[in-house]
file run.txt (compact mmCIF, C-alpha atoms and all ligand atoms)
# COMPACT_ATOMS: atom_id res chain seq x y z
CA MET W 273 0.00 0.00 0.00
CA THR W 274 1.55 3.32 -1.00
CA ILE W 275 -0.04 6.74 -0.56
CA LEU W 276 0.77 9.45 -3.08
CA VAL W 277 0.25 12.99 -1.83
CA ILE W 278 0.02 15.63 -4.55
CA GLY W 279 0.08 19.01 -2.87
CA SER W 280 1.75 22.13 -1.58
CA VAL W 281 5.10 22.45 0.16
CA ASN W 282 5.71 25.61 2.22
CA ALA W 283 7.98 27.08 4.82
CA ASP W 284 5.86 28.45 7.68
CA LEU W 285 6.90 31.79 9.20
CA THR W 286 5.01 31.85 12.50
CA VAL W 287 4.57 34.50 15.17
CA GLN W 288 2.78 33.83 18.46
CA ALA W 289 0.70 36.82 19.61
CA THR W 290 -2.00 37.40 22.20
CA ARG W 291 -4.57 37.67 19.42
CA ILE W 292 -4.91 37.80 15.65
CA PRO W 293 -4.76 41.42 14.42
CA ALA W 294 -7.96 42.99 13.08
CA PRO W 295 -7.76 44.65 9.61
CA GLY W 296 -5.56 47.76 9.83
CA GLU W 297 -4.24 46.83 13.28
CA THR W 298 -0.64 46.08 14.38
CA VAL W 299 -0.15 43.54 17.17
CA LEU W 300 3.25 42.86 18.80
CA GLY W 301 4.13 39.18 19.01
CA GLY W 302 6.96 36.87 20.10
CA ASP W 303 10.02 35.73 18.13
CA ALA W 304 9.38 34.52 14.56
CA ARG W 305 9.93 30.82 13.87
CA VAL W 306 10.54 29.14 10.48
CA SER W 307 9.29 25.56 10.24
CA PRO W 308 8.13 23.06 7.59
CA GLY W 309 4.54 23.39 6.37
CA GLY W 310 2.16 23.35 3.40
CA LYS W 311 -0.99 21.27 3.49
CA GLY W 312 0.38 18.68 1.05
CA ALA W 313 3.70 18.26 2.85
CA ASN W 314 1.98 18.28 6.25
CA GLN W 315 -0.38 15.48 5.27
CA ALA W 316 2.46 13.46 3.74
CA VAL W 317 4.45 13.77 6.97
CA ALA W 318 1.43 12.88 9.14
CA ALA W 319 0.79 9.74 7.07
CA ALA W 320 4.47 8.73 7.13
CA LEU W 321 4.70 9.23 10.91
CA ALA W 322 1.63 7.00 11.18
CA GLY W 323 3.66 4.26 9.49
CA ALA W 324 2.47 4.48 5.86
CA GLN W 325 4.65 4.33 2.75
CA VAL W 326 4.31 7.85 1.33
CA ARG W 327 5.43 9.63 -1.85
CA LEU W 328 5.02 13.37 -2.39
CA CYS W 329 4.58 15.09 -5.74
CA GLY W 330 4.85 18.89 -5.55
CA ALA W 331 7.21 21.78 -6.23
CA VAL W 332 9.73 23.98 -4.45
CA GLY W 333 12.24 26.64 -5.51
CA SER W 334 15.91 26.11 -6.32
CA ASP W 335 18.82 25.23 -3.99
CA SER W 336 19.66 28.93 -3.59
CA ASP W 337 16.18 29.65 -2.15
CA PRO W 338 16.57 30.15 1.64
CA PHE W 339 13.10 28.70 2.31
CA ARG W 340 13.69 25.43 0.42
CA PRO W 341 15.65 23.64 3.21
CA PRO W 342 13.13 24.39 6.00
CA ALA W 343 10.23 23.50 3.67
CA LEU W 344 11.74 20.05 2.98
CA SER W 345 13.19 19.26 6.41
CA GLY W 346 10.14 17.53 7.89
CA LEU W 347 9.51 15.44 4.77
CA THR W 348 13.09 14.19 4.76
CA ARG W 349 13.02 13.44 8.49
CA ALA W 350 9.78 11.46 8.17
CA GLY W 351 11.14 9.37 5.28
CA VAL W 352 8.72 10.60 2.60
CA ASP W 353 9.84 9.61 -0.92
CA LEU W 354 10.62 12.87 -2.77
CA SER W 355 11.50 11.41 -6.18
CA LEU W 356 8.40 13.11 -7.69
CA LEU W 357 9.28 16.55 -6.27
CA HIS W 358 9.95 19.26 -8.88
CA THR W 359 12.38 22.17 -8.59
CA LEU W 360 10.88 25.17 -10.40
CA ASP W 361 12.15 28.64 -11.22
CA ALA W 362 9.99 30.27 -8.52
CA PRO W 363 10.24 30.92 -4.79
CA THR W 364 9.38 28.10 -2.41
CA GLY W 365 5.88 28.54 -0.95
CA LEU W 366 5.81 30.64 2.21
CA ALA W 367 2.98 30.80 4.76
CA LEU W 368 2.71 33.77 7.12
CA ILE W 369 1.02 32.51 10.28
CA THR W 370 -0.17 34.32 13.40
CA VAL W 371 -1.05 32.04 16.30
CA ALA W 372 -3.23 33.54 19.03
CA ALA W 373 -3.02 32.67 22.74
CA ASN W 374 -6.10 30.43 22.41
CA GLY W 375 -4.31 28.35 19.72
CA GLU W 376 -6.33 29.68 16.77
CA ASN W 377 -4.44 30.93 13.74
CA ALA W 378 -4.68 33.15 10.66
CA ILE W 379 -2.67 32.11 7.61
CA THR W 380 -1.71 33.93 4.40
CA VAL W 381 0.07 31.81 1.79
CA ALA W 382 2.51 33.15 -0.83
CA SER W 383 2.11 30.11 -3.11
CA GLY W 384 5.30 30.57 -5.20
CA ALA W 385 6.33 27.26 -6.78
CA ASN W 386 3.02 25.63 -5.73
CA ALA W 387 1.14 27.98 -8.07
CA ARG W 388 3.57 27.22 -10.96
CA PHE W 389 3.01 23.44 -10.63
CA GLY W 390 0.92 22.48 -13.67
CA PRO W 391 -0.77 19.32 -14.97
CA GLU W 392 2.45 18.63 -16.91
CA HIS W 393 4.20 18.00 -13.58
CA LEU W 394 1.79 15.21 -12.55
CA PRO W 395 3.12 11.64 -12.55
CA THR W 396 2.58 9.62 -15.69
CA ASP W 397 3.10 6.24 -14.03
CA TRP W 398 0.60 5.40 -11.27
CA SER W 399 1.69 1.79 -10.80
CA GLY W 400 2.45 0.68 -7.25
CA LEU W 401 0.22 3.40 -5.79
CA THR W 402 -2.99 2.57 -3.93
CA HIS W 403 -4.22 5.89 -2.47
CA LEU W 404 -4.08 9.52 -3.57
CA LEU W 405 -4.35 12.25 -0.93
CA LEU W 406 -5.19 15.73 -2.27
CA GLN W 407 -5.82 19.20 -0.83
CA GLN W 408 -6.68 22.49 -2.57
CA GLU W 409 -3.45 24.52 -2.31
CA LEU W 410 -2.37 23.65 -5.87
CA THR W 411 -4.36 25.07 -8.80
CA PRO W 412 -7.89 23.69 -9.37
CA ALA W 413 -6.80 22.39 -12.80
CA VAL W 414 -4.01 20.31 -11.21
CA THR W 415 -6.16 18.94 -8.40
CA ARG W 416 -8.97 17.99 -10.79
CA GLU W 417 -6.62 16.31 -13.27
CA ALA W 418 -4.78 14.43 -10.50
CA ALA W 419 -8.08 13.05 -9.16
CA ARG W 420 -9.25 12.11 -12.65
CA ARG W 421 -6.04 10.23 -13.52
CA ALA W 422 -5.78 8.50 -10.14
CA HIS W 423 -9.42 7.39 -10.28
CA ALA W 424 -8.90 6.01 -13.79
CA ALA W 425 -5.80 4.14 -12.53
CA GLY W 426 -7.86 2.49 -9.75
CA LEU W 427 -6.51 4.44 -6.75
CA THR W 428 -8.69 5.44 -3.79
CA VAL W 429 -8.91 9.24 -3.91
CA ILE W 430 -9.08 11.14 -0.59
CA LEU W 431 -9.67 14.89 -0.95
CA ASN W 432 -9.25 17.40 1.86
CA ALA W 433 -11.09 20.37 0.30
CA ALA W 434 -8.89 22.94 2.10
CA PRO W 435 -8.60 25.86 1.69
CA ALA W 436 -12.29 26.43 0.95
CA ARG W 437 -13.47 26.69 -2.67
CA ALA W 438 -16.83 26.35 -4.42
CA ALA W 439 -17.68 22.80 -5.48
CA ASP W 440 -15.96 21.43 -8.58
CA PRO W 441 -18.32 18.69 -9.83
CA GLU W 442 -15.62 16.90 -11.83
CA LEU W 443 -13.23 16.81 -8.86
CA LEU W 444 -15.95 15.51 -6.52
CA ALA W 445 -17.00 12.90 -9.09
CA HIS W 446 -13.49 11.40 -8.84
CA THR W 447 -13.29 11.58 -5.03
CA HIS W 448 -13.95 8.54 -2.82
CA HIS W 449 -13.58 10.19 0.60
CA LEU W 450 -14.07 13.93 1.09
CA ILE W 451 -12.81 15.65 4.28
CA VAL W 452 -13.86 19.23 5.11
CA ASN W 453 -14.21 21.56 8.07
CA GLU W 454 -17.37 23.60 8.59
CA HIS W 455 -16.19 26.56 6.45
CA GLU W 456 -15.18 24.28 3.60
CA LEU W 457 -18.52 22.46 3.86
CA GLU W 458 -20.34 25.79 3.52
CA ALA W 459 -18.27 26.75 0.48
CA LEU W 460 -19.05 23.40 -1.17
CA VAL W 461 -22.80 23.41 -0.54
CA GLY W 462 -23.06 27.16 -1.24
CA ARG W 463 -24.81 28.17 2.01
CA PRO W 464 -24.13 28.38 5.74
CA SER W 465 -25.15 25.29 7.70
CA GLU W 466 -26.58 25.49 11.20
CA PRO W 467 -25.19 22.78 13.53
CA THR W 468 -28.46 20.85 13.08
CA GLU W 469 -28.04 20.93 9.29
CA LEU W 470 -24.45 19.63 9.13
CA GLU W 471 -25.48 16.05 8.49
CA SER W 472 -27.89 16.90 5.68
CA ALA W 473 -25.30 19.27 4.13
CA ALA W 474 -22.65 16.53 4.26
CA ARG W 475 -25.15 14.00 2.91
CA SER W 476 -25.97 16.27 -0.05
CA LEU W 477 -22.31 16.00 -1.13
CA LEU W 478 -22.57 12.20 -1.33
CA GLU W 479 -24.78 12.74 -4.38
CA LEU W 480 -21.85 14.38 -6.21
CA GLY W 481 -19.58 11.34 -6.06
CA PRO W 482 -17.85 10.69 -2.72
CA GLN W 483 -18.72 7.46 -0.90
CA ALA W 484 -17.89 9.09 2.46
CA VAL W 485 -17.90 12.70 3.67
CA THR W 486 -16.18 13.66 6.92
CA VAL W 487 -16.74 17.04 8.58
CA THR W 488 -14.07 17.90 11.16
CA LEU W 489 -15.52 19.94 14.03
CA GLY W 490 -12.50 20.91 16.16
CA ALA W 491 -13.25 20.41 19.85
CA GLN W 492 -16.57 18.79 18.85
CA GLY W 493 -14.85 15.89 17.07
CA SER W 494 -16.03 14.81 13.62
CA LEU W 495 -19.07 13.68 11.71
CA THR W 496 -18.84 11.14 8.87
CA VAL W 497 -21.65 10.10 6.57
CA THR W 498 -21.86 7.33 3.99
CA ALA W 499 -24.96 6.13 2.12
CA GLU W 500 -25.74 3.73 4.98
CA THR W 501 -24.09 5.18 8.09
CA THR W 502 -23.62 8.25 10.27
CA ASP W 503 -20.58 8.22 12.54
CA ARG W 504 -20.10 10.90 15.22
CA MET W 505 -16.68 10.87 16.92
CA ALA W 506 -16.07 12.88 20.10
CA ALA W 507 -12.78 14.79 20.31
CA HIS W 508 -10.04 13.73 22.70
CA PRO W 509 -9.89 16.62 25.26
CA VAL W 510 -6.52 18.38 25.11
CA GLN W 511 -4.79 21.57 26.27
CA VAL W 512 -4.68 23.55 23.01
CA VAL W 513 -1.41 25.36 22.23
CA ASP W 514 -1.51 25.72 18.43
CA THR W 515 -4.09 24.30 16.00
CA THR W 516 -1.86 24.79 12.91
CA GLY W 517 -1.68 21.51 10.99
CA ALA W 518 -4.26 19.71 13.16
CA GLY W 519 -6.56 19.21 10.16
CA ASP W 520 -3.59 17.96 8.12
CA THR W 521 -2.69 15.51 10.90
CA PHE W 522 -6.28 14.22 10.80
CA CYS W 523 -6.15 13.71 7.02
CA GLY W 524 -2.70 12.09 7.00
CA MET W 525 -3.54 9.68 9.82
CA LEU W 526 -6.92 8.85 8.24
CA ALA W 527 -5.25 8.06 4.89
CA ALA W 528 -2.58 5.97 6.64
CA ARG W 529 -5.11 3.91 8.59
CA VAL W 530 -7.47 3.48 5.61
CA SER W 531 -4.49 2.31 3.55
CA ALA W 532 -3.68 -0.14 6.37
CA GLU W 533 -7.23 -1.48 5.81
CA ASP W 534 -8.72 -0.36 9.13
CA PHE W 535 -12.51 -0.11 9.27
CA LEU W 536 -13.54 3.48 8.56
CA SER W 537 -14.74 4.06 12.15
CA ALA W 538 -11.36 2.89 13.53
CA ALA W 539 -9.45 5.09 11.07
CA LEU W 540 -11.58 8.08 12.13
CA HIS W 541 -10.86 7.36 15.77
CA TRP W 542 -7.07 7.33 15.23
CA ALA W 543 -7.26 10.45 13.06
CA GLY W 544 -9.11 12.36 15.78
CA LEU W 545 -6.68 11.25 18.44
CA ALA W 546 -3.64 12.28 16.36
CA ALA W 547 -5.18 15.66 15.48
CA GLY W 548 -5.85 16.36 19.16
CA LEU W 549 -2.22 15.58 20.06
CA ALA W 550 -1.02 17.89 17.27
CA CYS W 551 -2.90 20.78 18.95
CA THR W 552 -0.86 20.39 22.15
CA ARG W 553 2.44 21.47 20.54
CA PRO W 554 3.50 24.43 18.38
CA GLY W 555 3.98 24.16 14.61
CA ALA W 556 2.47 22.07 11.84
CA GLN W 557 4.77 19.11 11.07
CA ASP W 558 6.74 19.79 14.26
CA SER W 559 3.62 19.06 16.32
CA MET W 560 2.61 15.78 14.67
CA PRO W 561 2.67 12.58 16.72
CA ASN W 562 4.08 9.29 15.46
CA TRP W 563 2.12 6.05 15.68
CA GLU W 564 3.69 5.02 19.02
CA GLU W 565 2.64 8.32 20.64
CA VAL W 566 -0.90 7.88 19.35
CA LEU W 567 -1.06 4.34 20.76
CA GLU W 568 0.24 5.61 24.09
CA ALA W 569 -2.38 8.40 24.17
CA GLN W 570 -5.04 5.76 23.52
CA VAL W 571 -3.86 3.75 26.55
CA LEU W 572 -3.89 6.87 28.76
CA ARG W 573 -7.42 7.91 27.74
O1 LIG U 601 -2.83 23.58 7.22
C1 LIG U 601 -1.77 24.31 7.74
C2 LIG U 601 -0.86 24.76 6.63
O2 LIG U 601 -1.55 25.70 5.82
C3 LIG U 601 0.39 25.49 7.08
O3 LIG U 601 1.46 24.61 7.33
C4 LIG U 601 0.64 26.48 5.96
O4 LIG U 601 1.81 26.23 5.23
C5 LIG U 601 -0.60 26.43 5.08
O5 LIG U 601 -0.39 25.75 3.92
call {"tool": "encode", "arguments": {"input": "run.txt", "output": "structure tokens"}}
result
Amino acid sequence: MTILVIGSVNADLTVQATRIPAPGETVLGGDARVSPGGKGANQAVAAALAGAQVRLCGAVGSDSDPFRPPALSGLTRAGVDLSLLHTLDAPTGLALITVAANGENAITVASGANARFGPEHLPTDWSGLTHLLLQQELTPAVTREAARRAHAAGLTVILNAAPARAADPELLAHTHHLIVNEHELEALVGRPSEPTELESAARSLLELGPQAVTVTLGAQGSLTVTAETTDRMAAHPVQVVDTTGAGDTFCGMLAARVSAEDFLSAALHWAGLAAGLACTRPGAQDSMPNWEEVLEAQVLR
């Protein structure tokens, strides 16, 4: 079982402040920190730390780009196969992140090489791959084409529709498992959903192609619907330090456990546990637990 992640690779430039500045406001924060990030790279690292075989296809800037080494450091450390990584004549993606005292964040991404990655950079040989894990930080044309080709090649396609975009019917038609938060769910269904309407909103997306739709709900856990089932998972209570990358941890762990042939409800349980642990430490990839830590947290519950 090998998971291919096609997605963004960034360096994260993070400042911790008491709160996220309002428009036009300046807030003084702590020391800046540069760490590995990007939703694609984060999910690849989370899946690899969970024990899966993972390959990453994406793009970064050249060797002379100061943000290339920090962007790649977590992937290398986690043992992700980077043979499908492209070096493009563009800056490495850079995310500017403010983390507030309550752990919430605001992120602005300078996409750089991620935005220059085109359909021509997608793999041509899909043999040996079983699962494709996608996000929405590459261009819509790339994400759609990747899902189409992977589906045709018989891979299971898992799409984390983050950051939020309006629904792309062709992309959803080639998606087996869709993972969204509440904002992304609203963007996909085209209207705000009251808490009581979440299940019907998620269910409406099943009609567009996915066999399962998971809505991550932060401290409220997650909700997953399939044609036959509704699965509500409570969150593991944690002391929140920084939520950056928690959603990516959820997606990477879910993909890893699904590829290890866990039942969906078990995979969702492990994903929620890992995401909770990731909130207890600063950073995106730097905060992600490995499989042993997740097992230990399960014992201590
Ligand atoms: O999901 C968190 C990630 O979003 C950060 O690591 C940042 O790089 C942005 O892509």
call {"tool": "atom_distance", "arguments": {"input": "run.txt", "atom1": "CA of Trp398 in chain W", "atom2": "CA of Leu344 in chain W"}}
result
23.3 Å
call {"tool": "closest_atom_pairs", "arguments": {"input": "run.txt", "of": "chain W", "to": "ligand LIG 601 (chain U)", "cutoff": "8 Å", "atoms": "only C-alpha atoms and all ligand atoms", "output": "tab-separated table"}}
result
residue	atom	partner	partner_atom	distance
W:Ser280	CA	U:LIG601	O5	6.9
W:Val281	CA	U:LIG601	O4	7.1
W:Asn282	CA	U:LIG601	O4	5.0
W:Ala283	CA	U:LIG601	O4	6.2
W:Asp284	CA	U:LIG601	O4	5.2
W:Pro308	CA	U:LIG601	O3	6.9
W:Gly309	CA	U:LIG601	O3	3.4
W:Gly310	CA	U:LIG601	O4	3.4
W:Lys311	CA	U:LIG601	O5	4.5
W:Gly312	CA	U:LIG601	O5	7.7
W:Asn314	CA	U:LIG601	O3	6.4
W:Gly365	CA	U:LIG601	O4	7.8
W:Leu366	CA	U:LIG601	O4	6.7
W:Ala367	CA	U:LIG601	O4	4.7
W:Leu368	CA	U:LIG601	C4	7.7
W:Ile369	CA	U:LIG601	C4	7.4
W:Ile379	CA	U:LIG601	C5	6.6
W:Thr380	CA	U:LIG601	C5	7.6
W:Val381	CA	U:LIG601	C5	6.3
W:Glu409	CA	U:LIG601	O5	7.0
W:Ala434	CA	U:LIG601	O1	8.0
W:Thr516	CA	U:LIG601	C1	5.2
W:Gly517	CA	U:LIG601	C1	4.3
W:Ala518	CA	U:LIG601	O1	7.2
W:Gly519	CA	U:LIG601	O1	6.5
W:Asp520	CA	U:LIG601	O1	5.7
W:Gly555	CA	U:LIG601	O3	7.7
W:Ala556	CA	U:LIG601	O3	5.3
W:Gln557	CA	U:LIG601	O3	7.4
call {"tool": "closest_residue", "arguments": {"input": "run.txt", "among": "W:Ala324, W:Ala372, W:Ala331, W:Ala316", "to": "Ile292 in chain W", "atoms": "all atoms listed in the file"}}
result
W:Ala372
call {"tool": "closest_residue", "arguments": {"input": "run.txt", "among": "W:Pro509, W:Pro561, W:Gly279, W:Pro295", "to": "Arg327 in chain W", "atoms": "all atoms listed in the file"}}
result
W:Gly279
call {"tool": "residues_around", "arguments": {"input": "run.txt", "residues": "Ile451 in chain W", "least_positions_apart": "3", "cutoff": "8 Å", "atoms": "all atoms listed in the file", "output": "list in words"}}
result
Ile430, Leu431, Asn432, Ala433, Val485, Thr486, Val487, Thr488 and Cys523 of chain W
call {"tool": "write_last_selection", "arguments": {"input": "run.txt", "atoms": "C-alpha atoms", "output": "JSON list (two decimals), keeping the file's coordinate frame"}}
result
[["chain", "number", "residue", "atom", "x", "y", "z"],
["W", 430, "ILE", "CA", -9.08, 11.14, -0.59],
["W", 431, "LEU", "CA", -9.67, 14.89, -0.95],
["W", 432, "ASN", "CA", -9.25, 17.40, 1.86],
["W", 433, "ALA", "CA", -11.09, 20.37, 0.30],
["W", 485, "VAL", "CA", -17.90, 12.70, 3.67],
["W", 486, "THR", "CA", -16.18, 13.66, 6.92],
["W", 487, "VAL", "CA", -16.74, 17.04, 8.58],
["W", 488, "THR", "CA", -14.07, 17.90, 11.16],
["W", 523, "CYS", "CA", -6.15, 13.71, 7.02]]
call {"tool": "residues_around", "arguments": {"input": "run.txt", "residues": "Ala362 in chain W", "least_positions_apart": "6", "cutoff": "9 Å", "atoms": "only C-alpha atoms", "output": "JSON, numbers by chain"}}
result
{"W": [332, 333, 334, 337, 384, 385, 386, 388]}
call {"tool": "closest_residue", "arguments": {"input": "run.txt", "among": "W:Ser494, W:Ser531, W:Ser355, W:Thr428", "to": "Pro395 in chain W", "atoms": "only C-alpha atoms"}}
result
W:Ser355
call {"tool": "atom_distance", "arguments": {"input": "run.txt", "atom1": "CA of Asp514 in chain W", "atom2": "CA of Thr496 in chain W"}}
result
24.6 Å
call {"tool": "residues_near_point", "arguments": {"input": "run.txt", "point": "(-0.3, 20.6, 21.2)", "cutoff": "8 Å", "atoms": "all atoms listed in the file", "output": "JSON list (two decimals) with C-alpha atoms, keeping the file's coordinate frame"}}
result
[["chain", "number", "residue", "atom", "x", "y", "z"],
["W", 510, "VAL", "CA", -6.52, 18.38, 25.11],
["W", 511, "GLN", "CA", -4.79, 21.57, 26.27],
["W", 512, "VAL", "CA", -4.68, 23.55, 23.01],
["W", 513, "VAL", "CA", -1.41, 25.36, 22.23],
["W", 514, "ASP", "CA", -1.51, 25.72, 18.43],
["W", 515, "THR", "CA", -4.09, 24.30, 16.00],
["W", 548, "GLY", "CA", -5.85, 16.36, 19.16],
["W", 549, "LEU", "CA", -2.22, 15.58, 20.06],
["W", 550, "ALA", "CA", -1.02, 17.89, 17.27],
["W", 551, "CYS", "CA", -2.90, 20.78, 18.95],
["W", 552, "THR", "CA", -0.86, 20.39, 22.15],
["W", 553, "ARG", "CA", 2.44, 21.47, 20.54],
["W", 554, "PRO", "CA", 3.50, 24.43, 18.38],
["W", 559, "SER", "CA", 3.62, 19.06, 16.32]]
call {"tool": "atom_distance", "arguments": {"input": "run.txt", "atom1": "CA of Thr348 in chain W", "atom2": "CA of Thr364 in chain W"}}
result
16.1 Å
call {"tool": "residues_around", "arguments": {"input": "run.txt", "residues": "Pro482 in chain W", "least_positions_apart": "4", "cutoff": "10 Å", "atoms": "all atoms listed in the file", "output": "PyMOL selection string"}}
result
chain W and resi 429-431+443-451+475+477-478+498-499
call {"tool": "axis_aligned_box", "arguments": {"input": "run.txt", "around": "range 468-481 of chain W", "padding_each_side": "5 Å", "output": "AutoDock Vina command-line options"}}
result
--center_x -24.0 --center_y 16.1 --center_z 3.4 --size_x 18.9 --size_y 19.6 --size_z 29.3
call {"tool": "closest_residue", "arguments": {"input": "run.txt", "among": "W:Val326, W:Leu545, W:Leu540, W:Ala436", "to": "Met273 in chain W", "atoms": "all atoms listed in the file"}}
result
W:Val326
call {"tool": "closest_residue", "arguments": {"input": "run.txt", "among": "W:Ala294, W:Met505, W:Val461, W:Leu276", "to": "Gly400 in chain W", "atoms": "only C-alpha atoms"}}
result
W:Leu276
call {"tool": "build_atoms", "arguments": {"input": "run.txt", "residues": "range 438-446 of chain W", "atoms": "all heavy atoms", "output": "PDB file, in the frame of the given file"}}
result
ATOM      1  N   ALA W 438     -15.513  26.832  -3.969  1.00  0.00           N
ATOM      2  CA  ALA W 438     -16.830  26.350  -4.420  1.00  0.00           C
ATOM      3  C   ALA W 438     -16.662  24.945  -5.000  1.00  0.00           C
ATOM      4  O   ALA W 438     -15.560  24.568  -5.421  1.00  0.00           O
ATOM      5  CB  ALA W 438     -17.388  27.300  -5.462  1.00  0.00           C
ATOM      6  N   ALA W 439     -17.749  24.197  -5.017  1.00  0.00           N
ATOM      7  CA  ALA W 439     -17.680  22.800  -5.480  1.00  0.00           C
ATOM      8  C   ALA W 439     -17.244  22.709  -6.937  1.00  0.00           C
ATOM      9  O   ALA W 439     -17.680  23.488  -7.775  1.00  0.00           O
ATOM     10  CB  ALA W 439     -19.045  22.147  -5.302  1.00  0.00           C
ATOM     11  N   ASP W 440     -16.378  21.741  -7.213  1.00  0.00           N
ATOM     12  CA  ASP W 440     -15.960  21.430  -8.580  1.00  0.00           C
ATOM     13  C   ASP W 440     -16.534  20.040  -8.875  1.00  0.00           C
ATOM     14  O   ASP W 440     -16.014  19.036  -8.381  1.00  0.00           O
ATOM     15  CB  ASP W 440     -14.416  21.414  -8.631  1.00  0.00           C
ATOM     16  CG  ASP W 440     -13.882  20.991  -9.983  1.00  0.00           C
ATOM     17  OD1 ASP W 440     -14.604  20.319 -10.745  1.00  0.00           O
ATOM     18  OD2 ASP W 440     -12.717  21.323 -10.271  1.00  0.00           O
ATOM     19  N   PRO W 441     -17.633  19.968  -9.640  1.00  0.00           N
ATOM     20  CA  PRO W 441     -18.320  18.690  -9.830  1.00  0.00           C
ATOM     21  C   PRO W 441     -17.411  17.583 -10.366  1.00  0.00           C
ATOM     22  O   PRO W 441     -17.516  16.434  -9.950  1.00  0.00           O
ATOM     23  CB  PRO W 441     -19.430  19.012 -10.828  1.00  0.00           C
ATOM     24  CG  PRO W 441     -19.631  20.492 -10.706  1.00  0.00           C
ATOM     25  CD  PRO W 441     -18.299  21.071 -10.331  1.00  0.00           C
ATOM     26  N   GLU W 442     -16.480  17.946 -11.267  1.00  0.00           N
ATOM     27  CA  GLU W 442     -15.620  16.900 -11.830  1.00  0.00           C
ATOM     28  C   GLU W 442     -14.659  16.357 -10.767  1.00  0.00           C
ATOM     29  O   GLU W 442     -14.422  15.152 -10.692  1.00  0.00           O
ATOM     30  CB  GLU W 442     -14.841  17.463 -13.028  1.00  0.00           C
ATOM     31  CG  GLU W 442     -14.315  16.322 -13.888  1.00  0.00           C
ATOM     32  CD  GLU W 442     -13.459  16.800 -15.048  1.00  0.00           C
ATOM     33  OE1 GLU W 442     -13.596  17.969 -15.464  1.00  0.00           O
ATOM     34  OE2 GLU W 442     -12.640  15.975 -15.508  1.00  0.00           O
ATOM     35  N   LEU W 443     -14.135  17.252  -9.940  1.00  0.00           N
ATOM     36  CA  LEU W 443     -13.230  16.810  -8.860  1.00  0.00           C
ATOM     37  C   LEU W 443     -13.980  15.899  -7.886  1.00  0.00           C
ATOM     38  O   LEU W 443     -13.497  14.825  -7.517  1.00  0.00           O
ATOM     39  CB  LEU W 443     -12.678  18.049  -8.140  1.00  0.00           C
ATOM     40  CG  LEU W 443     -11.856  17.802  -6.877  1.00  0.00           C
ATOM     41  CD1 LEU W 443     -10.629  16.943  -7.178  1.00  0.00           C
ATOM     42  CD2 LEU W 443     -11.438  19.136  -6.253  1.00  0.00           C
ATOM     43  N   LEU W 444     -15.175  16.312  -7.494  1.00  0.00           N
ATOM     44  CA  LEU W 444     -15.950  15.510  -6.520  1.00  0.00           C
ATOM     45  C   LEU W 444     -16.361  14.169  -7.126  1.00  0.00           C
ATOM     46  O   LEU W 444     -16.429  13.164  -6.424  1.00  0.00           O
ATOM     47  CB  LEU W 444     -17.160  16.299  -6.040  1.00  0.00           C
ATOM     48  CG  LEU W 444     -16.806  17.532  -5.191  1.00  0.00           C
ATOM     49  CD1 LEU W 444     -18.054  18.335  -4.866  1.00  0.00           C
ATOM     50  CD2 LEU W 444     -16.082  17.125  -3.909  1.00  0.00           C
ATOM     51  N   ALA W 445     -16.602  14.153  -8.435  1.00  0.00           N
ATOM     52  CA  ALA W 445     -17.000  12.900  -9.090  1.00  0.00           C
ATOM     53  C   ALA W 445     -15.881  11.862  -9.028  1.00  0.00           C
ATOM     54  O   ALA W 445     -16.139  10.658  -9.105  1.00  0.00           O
ATOM     55  CB  ALA W 445     -17.390  13.175 -10.536  1.00  0.00           C
ATOM     56  N   HIS W 446     -14.632  12.329  -8.894  1.00  0.00           N
ATOM     57  CA  HIS W 446     -13.490  11.400  -8.840  1.00  0.00           C
ATOM     58  C   HIS W 446     -12.958  11.206  -7.424  1.00  0.00           C
ATOM     59  O   HIS W 446     -11.860  10.688  -7.235  1.00  0.00           O
ATOM     60  CB  HIS W 446     -12.375  11.902  -9.760  1.00  0.00           C
ATOM     61  CG  HIS W 446     -12.769  11.901 -11.204  1.00  0.00           C
ATOM     62  ND1 HIS W 446     -13.184  10.760 -11.851  1.00  0.00           N
ATOM     63  CD2 HIS W 446     -12.865  12.902 -12.104  1.00  0.00           C
ATOM     64  CE1 HIS W 446     -13.503  11.063 -13.099  1.00  0.00           C
ATOM     65  NE2 HIS W 446     -13.322  12.354 -13.277  1.00  0.00           N
TER      66      HIS W 446
END
